[in-house]
Structures are given as structure tokens and as C-alpha cells.
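As C-alpha cells, the structure follows; a few thoughts come after it.
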Amino acid sequence: MPPSLIRDLSDTSGYWAAVWTMCALPDVHLIADAPVGCFNLVATAVPDYTDAVPHIANITPATITEQEVGGKGTSDKVRWTYENLRASGALDGKQTIVISTAESEMIGADLSSVAATLGEGTRFYWSNSLSEDEWAGRDRVLRWLWEHFGAPRAIGVNPAPGTVNIIGPTYGCYNSPSDLEEVRRLITGAGGRLNLVYPMEATLADTPRLAAAQVNVVLYREFGAGMAAAIGQPVLYAPFGMRETTAFVRELGRLLGTSAQAEAFIAEEKRTTLRAVWDLWRGPQGDWFGTTDVGIVAGRSYAEGLTRYLGDELGMKIAFVSARPRRPDDPDNDAIRQTLHRRAPAFVFGSINEKIYLAEAGAKFVRFMPAAFPGPTVRRAVGTPFMGYRGAVYVIQEIVNGLYETLFNFLPVDQAYSAMRGGPPKIDAAPGNLPWQLEAKAILDDALEQMPYIPRISASRQLQMQVEALARERGLKEISPELVREALGRAR
Amino acid sequence: MEPITLSAGQPEGHVCKLHPQSMCPAFGSLRILSRIEGSHPVMATDTGCLYGLTFVTHFYGARKSILAPTLGSAELYAGEIVEGTRAAIEAAAQEPGCQLVPVVSLCVAETAGMPEELLPRKVGDAEVVLVRVPAYAIHSHPEAKDVALEALLRRLGDREGALEARTAVVVGEVFPGDQLAIDGILRRMGVEATIALPGRSVHDLRRAGRAAALAPLHPFYKGTTRLYREWGVPVAGGAPVGISGSYAWLKTIGALLELDPELVTQVAEEERDRAQAVVAAKSLKGARVLVTGYEGTELAYARLLTEAGAEVPYVSTSIGTDPLVLPDELWLKARGTRDVVYRKALEEDMAALDRYAPDFVLGTTPFAAAAKERGIPAMYFTNQLASRPFFLSGGMAATIGFVAETLERGVRYREMREFFAE
């Protein structure tokens, strides 16, 4: 079998998953058995641009150097770090957890026994970073937290009627503040009361209290189900689109015994929040949905949720879908890249990888909508959900705004202004068409065929004018295939 | 690669170095390698590392797709590192216009072993250059820039062609306008051309082997400096920073390239007059500034601010001490700087914040955030410096203007803190 290659990795490792999950709990302090880079990237450089936090404070590296790699091992460094942290007071009231990294695993540093000799209760977490991706990693660390810090202390804790947990998000979950806010609103609307949002709004000491909820809502299909199953109450997944959200609210009402309230909420939402979808559907915007195609690359919840909402409910054409983690038939980044280079759909939901592939292809007619990490985006305002009823409105609002933007970019602007800036060649007033050789016309048609549907009308006129302007500049009497190829190359 | 020893011990009377401050060292190399036209890097590492470094490369480096072999436990334990890396090299070389495939070998791959002799030196038209930057041995991201540049020059530097007298290689990532300003003033002194590295073109790397002098603008290009010394090409110390620094540097370049001494003195003096006029027009007198980035350029920055009238009691950086940086350290200490800290940790910067009560802080993101939490104007050194001129009198004016403006906005920092404290 040929070696497997990675192009622009989309999913990080179990180490990142564990740091981003455990550090969300303020009463945890991690000691990372890590070289400086594994500390900086996960705790500062990347969360600066994913979660918009200056840095994650409750993690300290043992700072592996060549001495440790060269045979000394890391246990002395970890012990030194622990002792100095303790002396500084940073560990007061904290659960200390020592965590392995790819490099410490590479040199075989299993510090279970070392951790046991540090301060009382210090634990070691093997992040399995050479094998596990971030999704499996988050699921496993959540189970581990429940197993060690929840279940043993949850004996005698019973579910209180009407209460609900949300499991997820951690750091590094795209757009989670908005989605969390919306799911919380749906739960309250259905008649439920929030028990815990774990881990993001909880403490480690809260962990046993997870047992006190009647229902667990798992925010993501990618991870969290393992913990929910171990807790043992009924589980629902956060919904996308109108139909699924309605089913979610209804089912939650049934589980909580608040069906009347849930039905009233659904009816009220149709009159208020969702009215925007109904208005857009009945308006001219709705006509575009069936003629606009979409590519989706995102976490599994987003990928499947957007596919169901945009594809099944609104009838948009789904050009391709690739979930994170990738499902068996999903295209990998190589295949996505080739598709985007060849013919990109009108809208691409994705990460910075897809944005780069579109830039490589010069696909300026395609609207890119960030929908996943990696890639820098601030998503801290709570008004941009993809989940729930508000998500259903937000997503199509942004699609319609994207179409407006595309249209705007194709409306003619008086050439006097672009000439003023030394813009494209001047097109003489009413020049009349030049004759096109058949093959030349075919090349233009081909180029237009690659373009999203909506801008095609304006684009066809614009490209035609550009080709003919070039011909006039050269004093040609006829449009040849070579000339069209050249002009299209310039138009990029 | 020369390993750098870090002490795990704790020097007495110092705060504990618990949180070292550097971007992942390897990023320094990726940044310059990804920005070269026709360069398609291959990274040999684990997925966590790959994710983080690709993330920051796509933020700060280039809009460039990055290939890597899958190196999980299965591949590592089966010893398939070389096989996978070779396959990735082959794939990268297929990219349109590929001229260079830098193989960036990181912690895990270096620990497992990446034998250079088993990698191709060339695939088609593309040169394959191995760059070893394990974070555990490089320690800071500026130094990884040097590691990458040295590796590129060793392979690509043209030592066969005729020497280009009066041509200098000017090394250091600088604001694009600075590059033009430096080139302009050197031409006025009689220099025929400057080659700016690390740059965007493989051609510049080849040509750099024929240059008559090396001028590293930043003090961490020690491997590159070593290489030029091996080649017998003279190296100019210092950098065109501030009043005295610019004057001395221009004279040095003039001497190394054997330019007309009268003309050189005339140009250097004119530049010195301009720099003095800049300070006369706007001084930073009375402002106390801490300069605490991790770019390796902090001492030069502190030097400029000091000449501009500011008090800079504390300077810290991620790089290690080195003869190249010593002149700036001595200069600063002779003019009131109390502490110059190499391989710094957050704890040292925090202690300085307590000790010196500064009016302005240039720092890493955690440290700048800590200063803002106290209502002190602070900025992330890396981002702010990359976006404005710094060298010669023009850079001095821009830098003084920037610091002065920030100080004037100081009340906002206090108001914001008060708002969130209420």
C-alpha cells in the first residue's frame, strides 16, 4: 500500500482535544509533558484566533529539551514544574493533571507512576496523540472526566424533573457561543431548565452534578455521546433547520413532561423568528435556492445539519459534502481541492483550507462562508448560530446576502472611473460585436459554465467585452480561440 | 544542527521560568519557506503539530497548501517515516511551478530519525532541502528562521559564478518599505545591488552566493553568518537602527564593500542628521517602556526607543545570547537598561511589570494582555512591528510616532479596565 499523505490537515490530535476540553474547567491545571511548541500552539497561538482568547492560562509545559529526548526522560522536568507551580500557588484549589504529548509518547514517557508521587490526587492522562484525532480525543477525555471525577461522586445524585445538560462545547469548537445560546434558548422554550453546560461553563467539581439532569443534549455529533451514554439519561442531539428543530423541541417537551409549553413555543417561533424564512421563501430570494449550488466542509454536525436544511428542506443543490471526522465516502482535501479548482459551486462552507483552494483557483465568483476550523475567525457574538430556529434564519440570510454581493460585483460600473485608476482597457462606445469563430465561442461558453448560475448573465457580457476590447487593441477583425484563452487568463 | 543546551536548574534569586515565551520554534522556518514562490513545503511530524503549524502558517505565512506524510503510531513504529516523506516530496514536486520542496522535519520525526541521505536531493526541477527544526532543540522561532535560511543557502547559494562586487545580502524579515529604504541609501553610497533575504524568490537565494558582503539585520542569523564566514565573505555587524546604529552600520558597509569613503561619510552623516531631526521633532522623553517580544529583534527596538528619549529598563527576548547580540546589550546597559533577559519566561516579564510600572508594553499576547488588565497600554510586539517601518530615519519617525500615539491613547486602556472592574 502506498504511504498515506495529508494535505492541509483538518483535524488536530488527541492532545489538543484533551487540553481544549480540560482547560475549559477553571479548577483544573494541566502540566503538559511537551516541548515549547506544543505548549505555545495549543494554549496561545491558535486559541488567539479560534476562540479569541489572549491565551489559556491553566496549562504549563514541562518544556522538553534535547536532554530529555536524548535519554534522560521527562519525569524530572515534570516534577520540577509541579514543585515550582505548587510553590507559586498556581495549584491551590486545582486538580493537577499531567498530560502526554506526541513527543513524550514518542520517547515512551508514561508518567502514571510519576504523577502518583506528586501531590495528592495528581493524575496522568495519556492523550494518545500519535493515534487519536481531536474528535475521538474529546469524546474519550470527557468519558475519562466522568469516570474519574463524576461517577464515583454521583452516587445518590438523582435527576431533577425538568432539567437538562448540554454536553460540549470545548475550546476550538467553531461558532459555539452562538450555537450554545440558541440551543439553550430552545431548551428553555421547550420548558426545560439548564442544569450544566459541560465543560465550557462548568468546573471539575461540578462533574458529579451531571447526574442531576433528566435529559442530556449533546451539542455535536463529533463527540460527547460517550459521556452522555455513561451518564445514562435520555440523549438528544442539537438540531439544524426548521423540521429537525421542531422535532427536537417536541421530543424534549415529551421527555420533560412539558409538551404543552413546547408546542406553544413552536407555534410562537413560527410567527416570530421563523417568519423571516417564510418571507424569504415567498419572496424573489426563494426562487434562487433551487438554482444555487453549495459545497459543505465542516464538523459532522454542521455538515449533516446544513445538508439536511439546505438540501432537503430548501431544495438547494449540494455539490459535495465532507464531514470532520471524514465519513467513508466523503472527499478528502485532495479531492475537494481538485473539485474547487475544476468547478466550484456558488457557495462553499468550509475552513481556511477551502478558502485557499478557491484562492488558488482564482474563483472570485464563489462566495466562501466560514463554517469550520482551522482558520482565524472571531465568532464570539451570539447572533450567528447555525443550529436551531435562529440558525435556520441566519444561514439563509447570509446566503441571500452573499448572492446580493455577487450580483453587485457584476453590475457594470462606468468605465471612466476605472480608466481614472488605470484600470482595464477602455471599451469604445457602442463598438458593435466582432465576429467570433465557433471554437472561440465554445471556449467562452465553457468558462461561463464553470461559473455559478446567478452572475452568469452579467459575466457573459463582461467577458465578451473584455475579449473584444483586447481584439480591438490589437487591430484584429475576428475573435480567435487563442485570444479568448488569453483574455480569460487575464480576467482571473 | 547545533543543539542548544537549556538549563533545567533554577538560578538563585530569579523568578521561576515556568512558561517559556516563543511561538513554536518551527514556525519561524515555515514562515520563510512557505513564502518563497514555487516552494511547496513538506512537513514531517505528528498531527497535533501539523495542525498548529499549518494554522499559523496559513495565518502569517502564505495561502499555500501544505503536504505531509501520515505519521501516526502505526507509521512511526513500522519505521515508515522516510517512505512517507518521499511520497509527500514526490506529490509536492507535482505542484505547478514547483522549484523547491523544503522538508521541515519536526520533533517526532527528528526523534525517530530522518536520514538525509535517504531523501532525494532533486525531483524534476525541484530542489529538495531538508530543514531540521525540532522545537526541543531550537527553542525559539527566530532561530528557526536562521536554520531554514542557512539550509537553503548551503544548497542553493551559487558559489560558482563570478563574485558580484558591491552587492550585499541584507538578511532579515522587515517591512517592505524598509527594504526599499535600505536599498536606496546603500545605492547612494555606491552599492550596486542589495539582495533581500528571506525573500520570495529562489533566484535571490542562488544569487546570494555571489554577493560580496552579508548584512544580517537581526542578531539571530548566526548559522547564516557562520556560512558566509566559511565562504570568506565579510559580515557587517549591527543594523541601521536609530541615530548611532544607522551611522555605524552605513560606515561598516562602506568599509566592507570598499566604497568611496568620502561619499559614504557624506551619506551616513546626512542620514544621522535626519535621524536627529526626527528625535528633535518628537521625543519620547518621560515614557517608560518594556520591550518583551519573542521575535529576537527586541534589543534593537529598545535601542531605538532609548535614543528617542524613552526609558527602557527591561528588555526580554526568546533568543539565546550570542556575540551578534552582545553589542546591543552593552549599548543598552550603558544607557540605563537594567535587565536584558534571553530565553525569557512569562514569569520574568510579569516580575518586570511589578518592578517598573511602565507606561507602555510591547509584549507577547499573554503578557500584553496582563498589562492591559492593569490598564497599561500594551501591544503584541509581533503584529505591530511587522506592519510599520523600523529602520533608518524613516523607520525611526514611524516608530516614535506609533509609540507616542499609543501613549496618547493611554486613557482608553485605563477606562476599559475600570469598565470591566465595575
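Residue names in the C-alpha cells use chain letters A, B, ... in the order shown, residue numbers from 1 in each chain, and ligand numbers from 1 in the order shown.
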Distance filter 6 Å, only C-alpha atoms, chain A against chain B, as a PyMOL selection string: chain A and resi 3-9+12-13+35+37+40-41+54-55+64-66+103+130-131+356
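In terms of minimum interatomic distance to Arg200 (chain B), B:Ser39 ranks closest within B:Ser29, B:Thr57, B:Thr382, B:Ser39, counting only C-alpha atoms.
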Could you pull out the strand (DSSP E or B) residues of region 21-256 of chain B, going by DSSP on the backbone, and write them as an mmCIF file with C-alpha atoms, in the first residue's frame?
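Output contents, as saved in selection00.cif:
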```
data_model
loop_
_atom_site.group_PDB
_atom_site.id
_atom_site.type_symbol
_atom_site.label_atom_id
_atom_site.label_comp_id
_atom_site.auth_asym_id
_atom_site.auth_seq_id
_atom_site.Cartn_x
_atom_site.Cartn_y
_atom_site.Cartn_z
ATOM 1 C CA SER B 39 8.218 26.456 -2.794
ATOM 2 C CA VAL B 42 6.511 19.035 3.205
ATOM 3 C CA MET B 43 6.178 18.668 6.963
ATOM 4 C CA ALA B 44 7.278 15.507 8.736
ATOM 5 C CA LEU B 67 1.589 18.301 2.360
ATOM 6 C CA ALA B 68 2.714 15.823 4.983
ATOM 7 C CA PRO B 69 3.119 12.088 5.296
ATOM 8 C CA LEU B 100 11.711 23.893 -4.208
ATOM 9 C CA VAL B 101 10.480 21.292 -1.736
ATOM 10 C CA PRO B 102 11.669 22.145 1.763
ATOM 11 C CA VAL B 103 11.275 19.149 4.050
ATOM 12 C CA VAL B 104 10.562 20.502 7.508
ATOM 13 C CA SER B 105 11.480 17.799 9.983
ATOM 14 C CA LYS B 122 16.110 16.817 -6.523
ATOM 15 C CA VAL B 123 12.784 15.776 -8.040
ATOM 16 C CA ALA B 126 12.566 20.991 -7.751
ATOM 17 C CA GLU B 127 15.388 21.115 -5.227
ATOM 18 C CA VAL B 128 14.662 19.140 -2.068
ATOM 19 C CA VAL B 129 16.149 20.751 1.040
ATOM 20 C CA LEU B 130 15.941 19.189 4.490
ATOM 21 C CA VAL B 131 15.378 21.658 7.327
ATOM 22 C CA ARG B 132 15.658 20.196 10.821
ATOM 23 C CA GLU B 164 29.262 40.435 -7.577
ATOM 24 C CA ALA B 165 31.374 43.141 -6.017
ATOM 25 C CA ARG B 166 29.428 45.956 -4.405
ATOM 26 C CA THR B 167 26.425 43.680 -3.851
ATOM 27 C CA ALA B 168 25.257 42.952 -0.323
ATOM 28 C CA VAL B 169 22.868 40.372 1.023
ATOM 29 C CA VAL B 170 20.612 42.087 3.541
ATOM 30 C CA VAL B 171 19.087 39.448 5.795
ATOM 31 C CA ALA B 193 22.529 45.992 -5.632
ATOM 32 C CA THR B 194 21.119 44.524 -2.475
ATOM 33 C CA ILE B 195 19.601 41.076 -2.206
ATOM 34 C CA ALA B 196 16.906 40.922 0.457
ATOM 35 C CA LEU B 197 16.563 37.600 2.242
ATOM 36 C CA ALA B 211 27.378 38.615 -3.070
ATOM 37 C CA ALA B 212 30.350 40.487 -1.666
ATOM 38 C CA ALA B 213 29.027 41.056 1.848
ATOM 39 C CA LEU B 214 26.422 39.813 4.285
ATOM 40 C CA ALA B 215 24.446 42.197 6.468
ATOM 41 C CA PRO B 216 22.241 40.365 8.972
ATOM 42 C CA VAL B 235 29.795 40.152 7.526
#
```
CA of Leu407 (chain B) to CA of Leu330 (chain B), straight-line distance in Å: 27.4 Å
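For Gly286 (chain A), the non-local neighbours within 12 Å, defined as residues at least 5 positions apart in the same chain or in other chains and counting only C-alpha atoms, are Ala276, Val277, Trp278, Asp279, Leu280, Trp281, Thr291, Thr292, Leu310, Glu313, Leu314, Gly315, Met316, Ile396, Gln397, Ile399, Val400 and Leu403 of chain A.
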Test item: residues at most 7 Å from Val382 (chain A), only C-alpha atoms, excluding those fewer than 5 positions along its chain, as a ChimeraX atom specification: /A:177-178,181
Residues as selected, C-alpha atoms, written as a PDB file, in the first residue's frame, can you do that?
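Resulting contents of again_17.pdb:
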```pdb
ATOM      1  CA  PRO A 177     -21.096  30.729  21.598  1.00  0.00           C
ATOM      2  CA  SER A 178     -23.948  31.341  19.159  1.00  0.00           C
ATOM      3  CA  GLU A 181     -27.016  30.336  23.107  1.00  0.00           C
TER       4      GLU A 181
END
```
Near-Leu111 (chain A) list (8 Å; only C-alpha atoms; drop same-chain fewer than 6 positions) as an NGL selection string: :A and (75 or 98 or 124)
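The space between CA of Tyr125 (chain A) and CA of Glu68 (chain A) spans 19.4 Å.
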